[in-house]
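Below: one structure, written as C-alpha cells.
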Amino acid sequence: MALDRRGFLKFIGGATAGILATPVVWKSLDDVSIWTQNWSWIPRNIDGANSYVPTVSKLCPSAVGVKVRLVDGRPVRVLTNNDHPLGGGLSSIAAAEVQLLYSPSRMKRPLKRTADGAYVGITWEEAEAMLVEGLKKAKGGDKLAVISGDETGTVNELFTALAAEMGSKSCFIMPGEAQPAAKAWELMGGEGQVGYDIEKSDYVLAIGANVLETWGPVIRNRHAFRVGRPHGEAPAVRFAYAGPVQNNTAATADVWLAIRPGTEAVLALGLANLLIKAGATSPAADFADFKALAAKFTPEQVAAQTGVDAKRLAAVAQELAKAKRPLVIAGSEFGQGGGAAPVLAGLALNALLGSMNREGGIRALPYARKVVPAAMDRKALLQNDLVAWLGKVASGKSAAPQAVVFYEANPVYALPQADAMKATLTKVPFKVAFTSFLDETAMACDLVLPVPMGLERFDDVDTPYGCGQVVYALAVPALAPLVDARPAGDVVIGVAKKLGADLGVATFADALKAKAEARGASFTEPSATNAHVSNAVLPVNGIALRADVLSKAIDVKAPAFPVALAPVAKLNVGTSKTATPPFNTKTVRRWEIQGKELYVLMNGATAAKLGLRMHDRIELSNPAGKFTARVNLFEGVINDTVAVPAGHGHTAFDEFSKGKGENVMRLLAAGAEPGTGLSVWTSAGANIAKA
Amino acid sequence: MEDRQLNSSGCAKDGGKCCGGGITPFLVGLVVSLIFGWWVFPDMIYSKKEQPIRFSHKVHMESAGMECKQCHVLREDGTFAGLPSTASCADCHSDVLGSDPEEARFVNEYVKTGKEVKWLVYQIQPDNVFFSHAAHSLDGCNQCHDFKESELCAQCHPDVANSDSAPTHFENKLTGYSKQTMKMWQCERCHANENHYGVTNSSNACFVCHK
C-alpha cells in the first residue's frame with residue numbers, strides 16, 4: 001500500500017498523539033532543565049569528613065583565634081573559636097581567609113623585575129641567589145633595612161638577626177598603636193608591655209582608641225563587651241568612646257563624646273583635672289606637676305579645644321570616679337599615628353583612678369626573651385620610628401640604604417604621605433618583598449618572594465598590644481601551600497648561611513619551639529586552641545606621670561585648613577596587606593564607594609558652611625596631596641571635620657580593589673611630636689573645593 | 001491541479017475508504033510512537049554501567065551478620081559518610097577472606113594499592129538539595145513506624161540487602177544523574193504527607209531542603 005500525502009499526515013498525527021502519551025516529551029524537558037544547571041563553572045560540593053584546625057589569624061591585625069573547618073582535608077570556612085584567648089568571635093578579614101587563598105592577586109612564584117620594568121617568574125634557587133647577591137652589597141654600616149608588617153611574630157627575630165649580622169640596626173615594624181604606647185610606657189618608667197584588662201573592667205573609656213574595630217586584639221575586646229553585656233540582663237560593663245566620628249566603637253558604646261581629631265590628650269587631661277578636683281591622687285613623684293598641668297585644662301578650655309561641653313565631660317568624669325574597676329584606653333581612631341601624648345595622658349588617668357596593676361586595669365606584661373641571639377627584641381624594635389627614618393632618608397639627613405627587605409608590609413600604600421614615601425624608596429638600589437599578594441610595595445621591588453598564607457604555615461602571635469594577659473598563640477597550617485611559596489623564616493635562615501652568618505636556629509620551626517618554651521607554652525598535646533595564657537605580670541612601681549613631656553606634647557594646633565580630616569578604619573575593607581577581600585566587597589556601603597568614586601562624610605552643618613550638598617563632587621587638597629571624592633551627609637561626624645574611609649584607593653591588587661576610591665594616607669602628613677619626637681599624623685586638615 | 005482531481009475521483013470510486021489509507025496510518029503512527037516512547041526511549045537515554053567490583057550485600061548482611069550502618073556510617077558530627085573507604089573495608093579485608101575471585105581482585109587492586117573504589121552512586125542529589133541522613137533516622141521515623149533498618153533505607157535507596165550483586169547503574173546521557181536519583185515528588189511522599197505534620201519535624205517548606 002503506497003502512502004500518500006494524506007496518509008503520511010495521518011501517520012504523523014498518530015505518532016504525535018502517541019508520543020504525547022509517552023514520557024518522551026516530558027522526560028526530555030525535565031532532563032534538559034537539569035542539564036542547563038550542569039555548567040562547569042557552578043561550584044560543586046566535595047563531600048567528606050569534617051575536621052577542624054585551631055589556629056590564629058596572621059592576616060587580621062586583631063590576631064583572632066579561629067578554627068578552620070576542613071572537608072576531606074580541604075579548608076572551606078573559618079569559624080569562631082570560643083576557647084581561644086584571642087577568639088570568641090570572628091573578624092571580617094579572618095572570615096575571608098579561605099577565599100583569599102585563591103585570590104587573583106596572590107603571588108604564585110618568585111618574581112624578578114627586568115630592565116624594562118616587567119616581572120618574570122624565576123625559580124626559588126634563582127631568587128635566593130639574587131637575594132644573596134643583593135644583600136652582599138648591603139654589608140656593614142646600616143646599609144640594609146628591614147621593614148616588617150608583623151607586630152607579634154617571632155619571624156621578626158630572624159629578619160633583625162640577619163640585619164644585625166649585616167651590621168644594621170635599621171629594623172622597623174609598620175606604624176600601629178604599639179609604638180606610641182611603648183614610648184609612653186617607657187617615659188613613665190613602666191616595665192614590659194602595657195596591657196589592658198578589659199575583661200575584668202566595669203567601665204571602659206576609650207579615647208580615640210577604636211577598641212571594637214582597630215585597636216588591640218579587637219575580637220577579644222568584642223568578646224569582653226559581649227560577655228559583659230549578657231542579653232536581657234543588666235550590663236556588667238559600660239563602654240564610653242571619644243572620637244571625631246561615630247565609628248563602629250562609638251555606635252556600640254553607651255556614651256559617645258564627639259571630639260575634634262587629634263585632641264584625645266586634651267580630653268584626658270580635662271578629665272584628670274575634674275578627677276583631681278574630686279579628690280583623685282597618685283603616689284607618683286611628679287603628681288604635683290601633673291596636677292598643675294591638668295588644672296590648665298578647665299572644662300571651658302577642654303570644650304574650646306575638643307568640642308565636648310562641660311556637662312558631658314563632668315558626667316563621664318563622675319562615671320569614671322564611681323566605677324569600681326574603671327579603665328581608660330587611649331589611642332588613635334584609625335590605629336596609627338597618634339603619638340605618645342594621648343597614651344601618656346590616658347595612662348596618667350588610669351594612675352589617678354587607681355587602675356595600675358589592678359584587676360580590670362593596667363597590667364605590665366613581661367616581654368618574652370629573645371630566641372635568636374643576634375635579634376633585636378620587641379622593645380628595641382618598637383623604639384624605631386619608620387616614618388621618621390624615611391623622612392630623614394627623603395631629606396638626605398640619613399643615607400639611603402643599599403637594600404630594603406619588606407616582610408608582609410606595604411609601606412608604599414600605608415604610610416602617611418604615601419606618594420612621598422614611594423618616591424623615597426626609589427633611592428634604594430635593591431628592594432625585596434616577602435609577601436603573599438602583589439601589593440603596591442611588591443610592585444616597587446626588584447625581587448618578590450611569595451610566602452605561604454597564614455592558613456598554610458606555622459607561625460606565632462605573641463601577646464598583641466592591648467591584650468590584658470600574656471598570650472602565646474601558635475598558627476598551624478590547615479593545608480599545604482597552594483602556590484610555590486616558602487616560609488620567610490626558613491628562607492632568611494638559608495640566606496644568612498650563604499652570607500656566612502649562623503642565626504643560631506636551624507629552622508623556623510625550631511625558633512617557634514624555642515619561643516613557645518620561652519613563654520612557658522607546650523604544644524606537645526593536641527589542643528583546642530594551640531594557645532597558651534599566662535597571668536604573669538611585672539610590678540608597677542615608681543610610675544611617673546611625666547607632666548614635663550605632656551606639657552610639650554599636648555601642644556596641639558588646630559590645622560590651618562577649613563576642615564580637619566578624620567580617617568575611618570574598618571576591618572571589612574581589609575588591610576594594606578590584603579586590600580579588600582573579594583568576599584567582603586558586598587559589605588562596602590552604597591555611599592562609601594560608587595563605581596570608582598570615594599564618598600567622604602561630613603555633617604549637614606559642615607556641608608552648609610562649605611556650600612555643599614549630598615553627592616557633590618569635591619576636591620580635597622593639602623600640601624601632602626589631593627584627590628576628588630563625593631559628599632555623603634552623615635550626622636555622626638563632628639563639625640568642621642571630614643571623615644574619610646580608609647583602606648581604599650589601591651593601585652595594585654585585583655579588580656576588587658585596584659582603582660576603587662582614594663587612599664586617605666596621601667593626605668596625611670607626618671610631623672614630629674614635641675617632647676617625644678615621635679611621628680604623628682592624626683592632626684591633618686584639607687582645603688575643600690567643588691570639583 | 002489535474003492530479004488532485006484524479007485523486008479525488010479515485011477516492012470516489014473506492015467509496016471514500018481509501019482516502020489516505022483510512023485510520024490505519026494514524027493507528028500505525030500511534031502504535032509506533034507508543035512503542036518508541038515506552039520501550040525504546042527509556043532505554044536509549046541511559047548508559048548502563050556496572051560497579052567496578054561486584055559487591056554482595058547479601059553475603060555481608062546474612063553471612064557476616066552486618067547492618068547497613070556498619071559501613072554507611074553517620075559521623076560523630078551528624079554528617080553522613082556515604083560509601084565506605086577502601087581503608088574501612090580493609091579492616092576486615094586486609095587479606096582475601098573467601099573464595100570469591102571478586103574479593104581477591106578487590107584486595108589486590110584496591111586494598112594493597114590503597115586506591116579508592118570509584119563506586120557508582122545511585123542517588124546523588126544536585127547541590128541545591130540539602131539532605132541530612134541524620135534527620136531521617138530510624139529513631140525518628142520509628143516514633144510511629146516500625147521499620148527495620150534495611151526497610152527504612154529502602155524507602156529511598158534500592159533494596160540491595162538481599163542481592164548478590166549491585167544493581168546496574170543507569171546514567172542519564174544528558175544530565176549525568178542516575179536513573180534512581182529521587183525526584184521531588186518522591187521526597188514529598190513523606191514531606192507533603194499531612195499525617196507527618198505536627199508529629200515529626202518534617203515540613204514541605206522550600207528552605208527545608210533547598211538552601
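Letters A, B, ... go to the chains of the C-alpha cells in the order shown; residues in each chain start at 1; ligands are counted from 1 in the same order.
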Set out as JSON lines a contact list for chain A and chain B with a cut-off of 9 Å, giving each residue of chain A that qualifies its closest atom pair and distance in Å to one decimal, counting only C-alpha atoms, ordered by chain and rising residue number.
```
{"residue": "A:Met1", "atom": "CA", "partner": "B:Gly21", "partner_atom": "CA", "distance": 8.2}
{"residue": "A:Ala2", "atom": "CA", "partner": "B:Gly21", "partner_atom": "CA", "distance": 8.7}
{"residue": "A:Leu3", "atom": "CA", "partner": "B:Gly20", "partner_atom": "CA", "distance": 7.0}
{"residue": "A:Asp4", "atom": "CA", "partner": "B:Gly20", "partner_atom": "CA", "distance": 5.9}
{"residue": "A:Arg5", "atom": "CA", "partner": "B:Gly20", "partner_atom": "CA", "distance": 7.1}
{"residue": "A:Arg6", "atom": "CA", "partner": "B:Gly20", "partner_atom": "CA", "distance": 4.7}
{"residue": "A:Gly7", "atom": "CA", "partner": "B:Gly20", "partner_atom": "CA", "distance": 3.8}
{"residue": "A:Phe8", "atom": "CA", "partner": "B:Pro25", "partner_atom": "CA", "distance": 7.0}
{"residue": "A:Leu9", "atom": "CA", "partner": "B:Phe26", "partner_atom": "CA", "distance": 8.2}
{"residue": "A:Lys10", "atom": "CA", "partner": "B:Phe26", "partner_atom": "CA", "distance": 4.7}
{"residue": "A:Phe11", "atom": "CA", "partner": "B:Phe26", "partner_atom": "CA", "distance": 4.4}
{"residue": "A:Ile12", "atom": "CA", "partner": "B:Gly29", "partner_atom": "CA", "distance": 6.2}
{"residue": "A:Gly13", "atom": "CA", "partner": "B:Phe26", "partner_atom": "CA", "distance": 6.2}
{"residue": "A:Gly14", "atom": "CA", "partner": "B:Phe26", "partner_atom": "CA", "distance": 4.2}
{"residue": "A:Ala15", "atom": "CA", "partner": "B:Gly29", "partner_atom": "CA", "distance": 4.0}
{"residue": "A:Thr16", "atom": "CA", "partner": "B:Leu30", "partner_atom": "CA", "distance": 7.3}
{"residue": "A:Ala17", "atom": "CA", "partner": "B:Leu30", "partner_atom": "CA", "distance": 6.4}
{"residue": "A:Gly18", "atom": "CA", "partner": "B:Leu30", "partner_atom": "CA", "distance": 4.5}
{"residue": "A:Ile19", "atom": "CA", "partner": "B:Ser33", "partner_atom": "CA", "distance": 5.3}
{"residue": "A:Leu20", "atom": "CA", "partner": "B:Gly37", "partner_atom": "CA", "distance": 8.8}
{"residue": "A:Ala21", "atom": "CA", "partner": "B:Leu34", "partner_atom": "CA", "distance": 7.2}
{"residue": "A:Thr22", "atom": "CA", "partner": "B:Gly37", "partner_atom": "CA", "distance": 5.0}
{"residue": "A:Pro23", "atom": "CA", "partner": "B:Gly37", "partner_atom": "CA", "distance": 6.3}
{"residue": "A:Val24", "atom": "CA", "partner": "B:Gly37", "partner_atom": "CA", "distance": 5.6}
{"residue": "A:Val25", "atom": "CA", "partner": "B:Gly37", "partner_atom": "CA", "distance": 9.0}
{"residue": "A:Asp31", "atom": "CA", "partner": "B:Thr175", "partner_atom": "CA", "distance": 6.0}
{"residue": "A:Val32", "atom": "CA", "partner": "B:Leu174", "partner_atom": "CA", "distance": 7.4}
{"residue": "A:Ser33", "atom": "CA", "partner": "B:Thr175", "partner_atom": "CA", "distance": 8.9}
{"residue": "A:Ile34", "atom": "CA", "partner": "B:Thr175", "partner_atom": "CA", "distance": 6.1}
{"residue": "A:Trp35", "atom": "CA", "partner": "B:Thr175", "partner_atom": "CA", "distance": 4.8}
{"residue": "A:Thr36", "atom": "CA", "partner": "B:Thr175", "partner_atom": "CA", "distance": 8.6}
{"residue": "A:Gln37", "atom": "CA", "partner": "B:Thr175", "partner_atom": "CA", "distance": 8.9}
{"residue": "A:Asn38", "atom": "CA", "partner": "B:Thr175", "partner_atom": "CA", "distance": 7.4}
{"residue": "A:Pro43", "atom": "CA", "partner": "B:Asp127", "partner_atom": "CA", "distance": 8.7}
{"residue": "A:Arg44", "atom": "CA", "partner": "B:Asp127", "partner_atom": "CA", "distance": 6.5}
{"residue": "A:Asn45", "atom": "CA", "partner": "B:Asp127", "partner_atom": "CA", "distance": 6.5}
{"residue": "A:Asp47", "atom": "CA", "partner": "B:Ala81", "partner_atom": "CA", "distance": 8.3}
{"residue": "A:Gly48", "atom": "CA", "partner": "B:Ala81", "partner_atom": "CA", "distance": 6.8}
{"residue": "A:Ala49", "atom": "CA", "partner": "B:Ala81", "partner_atom": "CA", "distance": 6.9}
{"residue": "A:Asn50", "atom": "CA", "partner": "B:Asp77", "partner_atom": "CA", "distance": 8.0}
```
Please save N, CA and C atoms of the selected residues as a compact mmCIF listing (two decimals), in the first residue's frame.
```
# COMPACT_ATOMS: atom_id res chain seq x y z
N MET A 1 0.86 -1.20 0.00
CA MET A 1 0.00 0.00 0.00
C MET A 1 0.89 1.24 0.00
N ALA A 2 0.72 2.04 -0.99
CA ALA A 2 1.54 3.26 -1.06
C ALA A 2 0.98 4.28 -0.09
N LEU A 3 1.89 5.00 0.52
CA LEU A 3 1.47 6.03 1.50
C LEU A 3 1.41 7.37 0.80
N ASP A 4 0.21 7.89 0.67
CA ASP A 4 0.09 9.20 0.02
C ASP A 4 0.25 10.30 1.06
N ARG A 5 0.11 11.53 0.58
CA ARG A 5 0.35 12.69 1.43
C ARG A 5 -0.58 12.70 2.64
N ARG A 6 -1.83 12.42 2.38
CA ARG A 6 -2.81 12.44 3.46
C ARG A 6 -2.54 11.32 4.46
N GLY A 7 -2.17 10.18 3.90
CA GLY A 7 -1.85 9.06 4.79
C GLY A 7 -0.65 9.38 5.66
N PHE A 8 0.34 10.06 5.07
CA PHE A 8 1.53 10.43 5.83
C PHE A 8 1.17 11.38 6.99
N LEU A 9 0.31 12.35 6.65
CA LEU A 9 -0.10 13.30 7.70
C LEU A 9 -0.85 12.58 8.81
N LYS A 10 -1.63 11.60 8.44
CA LYS A 10 -2.35 10.83 9.47
C LYS A 10 -1.35 10.07 10.34
N PHE A 11 -0.33 9.55 9.67
CA PHE A 11 0.70 8.81 10.43
C PHE A 11 1.38 9.75 11.44
N ILE A 12 1.72 10.94 10.94
CA ILE A 12 2.37 11.92 11.83
C ILE A 12 1.43 12.29 12.97
N GLY A 13 0.17 12.47 12.64
CA GLY A 13 -0.81 12.81 13.67
C GLY A 13 -0.89 11.72 14.72
N GLY A 14 -0.93 10.48 14.25
CA GLY A 14 -0.99 9.35 15.19
C GLY A 14 0.26 9.28 16.04
N ALA A 15 1.42 9.49 15.35
CA ALA A 15 2.70 9.42 16.09
C ALA A 15 2.77 10.52 17.13
N THR A 16 2.28 11.72 16.77
CA THR A 16 2.31 12.84 17.71
C THR A 16 1.42 12.54 18.91
N ALA A 17 0.23 12.05 18.61
CA ALA A 17 -0.68 11.73 19.72
C ALA A 17 -0.06 10.66 20.60
N GLY A 18 0.58 9.70 19.96
CA GLY A 18 1.19 8.62 20.74
C GLY A 18 2.34 9.12 21.59
N ILE A 19 3.19 9.96 20.98
CA ILE A 19 4.35 10.48 21.72
C ILE A 19 3.90 11.25 22.96
N LEU A 20 2.81 12.00 22.81
CA LEU A 20 2.33 12.78 23.95
C LEU A 20 1.84 11.88 25.08
N ALA A 21 1.52 10.63 24.71
CA ALA A 21 1.07 9.69 25.74
C ALA A 21 2.22 8.86 26.27
N THR A 22 3.45 9.28 25.94
CA THR A 22 4.64 8.57 26.48
C THR A 22 5.48 9.60 27.24
N PRO A 23 6.51 9.14 27.95
CA PRO A 23 7.33 10.08 28.72
C PRO A 23 8.30 10.90 27.86
N VAL A 24 8.35 10.68 26.54
CA VAL A 24 9.42 11.27 25.73
C VAL A 24 9.52 12.79 25.92
N VAL A 25 8.39 13.49 25.70
CA VAL A 25 8.43 14.95 25.76
C VAL A 25 8.71 15.42 27.18
N ASP A 31 14.89 16.57 31.68
CA ASP A 31 16.33 16.35 31.58
C ASP A 31 17.06 17.58 31.08
N VAL A 32 16.42 18.25 30.10
CA VAL A 32 17.05 19.46 29.58
C VAL A 32 17.15 20.52 30.67
N SER A 33 16.10 20.60 31.48
CA SER A 33 16.14 21.61 32.55
C SER A 33 17.24 21.28 33.56
N ILE A 34 17.46 19.99 33.80
CA ILE A 34 18.55 19.61 34.72
C ILE A 34 19.91 19.86 34.04
N TRP A 35 19.97 19.53 32.77
CA TRP A 35 21.22 19.72 32.02
C TRP A 35 21.66 21.18 32.03
N THR A 36 20.66 22.09 31.96
CA THR A 36 21.01 23.51 31.94
C THR A 36 21.64 23.97 33.25
N GLN A 37 21.51 23.15 34.30
CA GLN A 37 22.12 23.53 35.58
C GLN A 37 23.47 22.86 35.78
N ASN A 38 23.94 22.20 34.77
CA ASN A 38 25.19 21.44 34.92
C ASN A 38 26.40 22.16 34.36
N PRO A 43 30.00 25.79 41.21
CA PRO A 43 30.81 25.03 42.16
C PRO A 43 30.06 23.81 42.69
N ARG A 44 30.77 22.75 42.90
CA ARG A 44 30.15 21.53 43.42
C ARG A 44 30.70 21.24 44.80
N ASN A 45 29.83 20.74 45.65
CA ASN A 45 30.29 20.32 46.97
C ASN A 45 31.19 19.10 46.82
N ASP A 47 32.21 16.13 49.06
CA ASP A 47 31.80 15.52 50.31
C ASP A 47 33.01 14.93 51.03
N GLY A 48 32.90 14.83 52.32
CA GLY A 48 33.97 14.20 53.08
C GLY A 48 33.82 14.50 54.55
N ALA A 49 34.72 13.94 55.33
CA ALA A 49 34.65 14.11 56.78
C ALA A 49 35.09 15.52 57.15
N ASN A 50 34.42 16.08 58.16
CA ASN A 50 34.81 17.39 58.69
C ASN A 50 36.00 17.23 59.63
```
Handout entry: Polymer residues at most 7 Å from Arg54 (chain B), only C-alpha atoms, same-chain spacing of 3 or more positions, as a PyMOL selection string
Key = chain B and resi 51+102+165-166
Please write the residues from the selection above to a file, keeping N, CA and C atoms, as an mmCIF file, in the first residue's frame.
```
data_model
loop_
_atom_site.group_PDB
_atom_site.id
_atom_site.type_symbol
_atom_site.label_atom_id
_atom_site.label_comp_id
_atom_site.auth_asym_id
_atom_site.auth_seq_id
_atom_site.Cartn_x
_atom_site.Cartn_y
_atom_site.Cartn_z
ATOM 1 N N GLN B 51 29.130 -1.714 38.633
ATOM 2 C CA GLN B 51 30.059 -1.286 39.684
ATOM 3 C C GLN B 51 31.456 -1.847 39.391
ATOM 4 N N GLU B 102 36.143 -11.977 42.941
ATOM 5 C CA GLU B 102 35.953 -10.526 43.000
ATOM 6 C C GLU B 102 36.572 -9.960 44.274
ATOM 7 N N SER B 165 24.564 -9.040 43.805
ATOM 8 C CA SER B 165 25.383 -8.079 43.053
ATOM 9 C C SER B 165 24.631 -6.753 43.017
ATOM 10 N N ALA B 166 25.381 -5.709 42.967
ATOM 11 C CA ALA B 166 24.758 -4.379 42.979
ATOM 12 C C ALA B 166 24.003 -4.165 41.675
#
```
Determine which residues of region 278-357 of chain A DSSP labels as strand (DSSP E) from the backbone of this structure, then write them out as a short mmCIF file (atom, residue, chain, number, x, y, z; two decimals) with N, CA and C atoms, in the first residue's frame.
```cif
data_model
loop_
_atom_site.label_atom_id
_atom_site.label_comp_id
_atom_site.auth_asym_id
_atom_site.auth_seq_id
_atom_site.Cartn_x
_atom_site.Cartn_y
_atom_site.Cartn_z
N PRO A 326 37.47 51.00 86.82
CA PRO A 326 37.50 51.75 85.56
C PRO A 326 38.81 51.52 84.81
N LEU A 327 38.73 51.71 83.53
CA LEU A 327 39.91 51.53 82.67
C LEU A 327 39.84 52.55 81.55
N VAL A 328 40.92 53.25 81.34
CA VAL A 328 40.98 54.24 80.25
C VAL A 328 41.96 53.73 79.20
N ILE A 329 41.52 53.73 77.96
CA ILE A 329 42.37 53.27 76.85
C ILE A 329 42.46 54.43 75.86
N ALA A 330 43.67 54.88 75.61
CA ALA A 330 43.81 55.98 74.65
C ALA A 330 44.61 55.52 73.45
#
```
Fill in the blank from the handout: His136 (chain B) proximity check over B:Pro101, B:Gly65, B:Pro158, B:Gly78, using only C-alpha atoms: winner is B:Gly78
Exercise for the section: Can you list, as number ranges by chain, all residues belonging to region 466-543 of chain A that DSSP tags as alpha helix (DSSP H)? Expected result: A: 488-498, 508-518
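The spacing separating CA of Cys445 (chain A) from CA of Ile493 (chain A) amounts to 21.2 Å.
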Handout entry: Distance query Ala315 (chain A) at most 12 Å, only C-alpha atoms, self and fewer than 5 positions along chain excluded, as a list in words
Key = Ala240, Val255, Trp256, Leu257, Leu271, Leu274, Leu275, Pro299, Val308, Asp309, Ala310, Leu320, Ala321 and Lys322 of chain A
Could the residues in this selection be written to a file with N, CA and C atoms, as a PDB file, in the first residue's frame?
```
ATOM      1  N   ALA A 240      32.428  53.763  77.077  1.00  0.00           N
ATOM      2  CA  ALA A 240      32.308  55.136  76.581  1.00  0.00           C
ATOM      3  C   ALA A 240      33.399  55.332  75.537  1.00  0.00           C
ATOM      4  N   VAL A 255      28.155  55.583  75.605  1.00  0.00           N
ATOM      5  CA  VAL A 255      28.346  57.038  75.537  1.00  0.00           C
ATOM      6  C   VAL A 255      29.318  57.342  74.401  1.00  0.00           C
ATOM      7  N   TRP A 256      28.975  58.327  73.585  1.00  0.00           N
ATOM      8  CA  TRP A 256      29.935  58.790  72.570  1.00  0.00           C
ATOM      9  C   TRP A 256      30.170  60.280  72.772  1.00  0.00           C
ATOM     10  N   LEU A 257      31.411  60.634  73.048  1.00  0.00           N
ATOM     11  CA  LEU A 257      31.801  62.035  73.131  1.00  0.00           C
ATOM     12  C   LEU A 257      32.445  62.405  71.803  1.00  0.00           C
ATOM     13  N   LEU A 271      39.621  65.480  81.906  1.00  0.00           N
ATOM     14  CA  LEU A 271      39.036  64.513  82.852  1.00  0.00           C
ATOM     15  C   LEU A 271      39.919  64.388  84.091  1.00  0.00           C
ATOM     16  N   LEU A 274      39.233  67.198  86.459  1.00  0.00           N
ATOM     17  CA  LEU A 274      37.993  67.028  87.243  1.00  0.00           C
ATOM     18  C   LEU A 274      38.167  65.962  88.317  1.00  0.00           C
ATOM     19  N   LEU A 275      38.863  64.882  87.976  1.00  0.00           N
ATOM     20  CA  LEU A 275      39.066  63.805  88.955  1.00  0.00           C
ATOM     21  C   LEU A 275      39.936  64.291  90.118  1.00  0.00           C
ATOM     22  N   PRO A 299      37.135  72.739  82.204  1.00  0.00           N
ATOM     23  CA  PRO A 299      36.074  72.287  81.293  1.00  0.00           C
ATOM     24  C   PRO A 299      35.865  73.260  80.130  1.00  0.00           C
ATOM     25  N   VAL A 308      33.768  69.146  73.321  1.00  0.00           N
ATOM     26  CA  VAL A 308      32.895  68.447  74.285  1.00  0.00           C
ATOM     27  C   VAL A 308      32.456  69.447  75.351  1.00  0.00           C
ATOM     28  N   ASP A 309      31.138  69.604  75.574  1.00  0.00           N
ATOM     29  CA  ASP A 309      30.706  70.613  76.541  1.00  0.00           C
ATOM     30  C   ASP A 309      30.950  70.142  77.976  1.00  0.00           C
ATOM     31  N   ALA A 310      30.979  71.105  78.885  1.00  0.00           N
ATOM     32  CA  ALA A 310      31.398  70.865  80.266  1.00  0.00           C
ATOM     33  C   ALA A 310      30.528  69.819  80.957  1.00  0.00           C
ATOM     34  N   LEU A 320      33.462  57.632  85.721  1.00  0.00           N
ATOM     35  CA  LEU A 320      34.777  57.036  85.961  1.00  0.00           C
ATOM     36  C   LEU A 320      35.054  56.922  87.459  1.00  0.00           C
ATOM     37  N   ALA A 321      34.728  57.988  88.178  1.00  0.00           N
ATOM     38  CA  ALA A 321      35.004  58.022  89.614  1.00  0.00           C
ATOM     39  C   ALA A 321      34.151  56.997  90.362  1.00  0.00           C
ATOM     40  N   LYS A 322      32.925  56.814  89.884  1.00  0.00           N
ATOM     41  CA  LYS A 322      32.009  55.876  90.559  1.00  0.00           C
ATOM     42  C   LYS A 322      32.340  54.416  90.277  1.00  0.00           C
TER      43      LYS A 322
END
```
Exercise for the section: Pick out the residues sitting within 7 Å of region 195-208 of chain A, and hand them over as number ranges by chain; count only C-alpha atoms, and ignore anything fewer than 5 positions along from it in its own chain. Expected result: A: 221, 224, 236-243, 264, 320, 323-333, 359-365, 465-469
Handout entry: Nearest to His133 (chain B), chosen from B:His169, B:Lys112, B:Lys69, B:Lys183, with only C-alpha atoms counted in the distances
Key =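 Ranked by minimum distance to His133 (chain B), first place goes to B:Lys69.
If only C-alpha atoms are the atoms counted, then among B:Cys209, B:Met184, B:Met66, B:Ala87 the closest residue to Ser150 (chain B) is B:Met66.
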Practice task
Using CA of Leu390 (chain A) and CA of Val680 (chain A) as the two end points, give the distance in Å to one decimal.
Solution key: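 So the two atoms, CA of Leu390 (chain A) and CA of Val680 (chain A), lie 13.7 Å apart.
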Exercise for the section: Do a neighbour search on Pro84 (chain B) at 9 Å with only C-alpha atoms, toss out local chain neighbours closer than 6 positions, and write the hits as a list of chain:residue names. Expected result: B:Cys71, B:His72, B:Val73
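Closest approach to Gly189 (chain A) among A:Ala284, A:Val371, A:Ala129, A:Leu158 is made by A:Ala284 (distances from only C-alpha atoms).
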Problem - Atom pair CA of Leu313 (chain A) / CA of Ala184 (chain A): separation (Å) - result: 24.2 Å
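Excluding region 512-519 of chain A itself and same-chain residues fewer than 3 positions from it, the residues having an atom within 7 Å of it are Thr154, Ala368, Arg369, Val371, Tyr472, Phe508, Ala509 and Ser522 of chain A, counting only C-alpha atoms.
Proximity of A:Met665, A:Thr263, A:Glu673, A:Ala348 to Lys422 (chain A), computed with only C-alpha atoms, is greatest for A:Met665.
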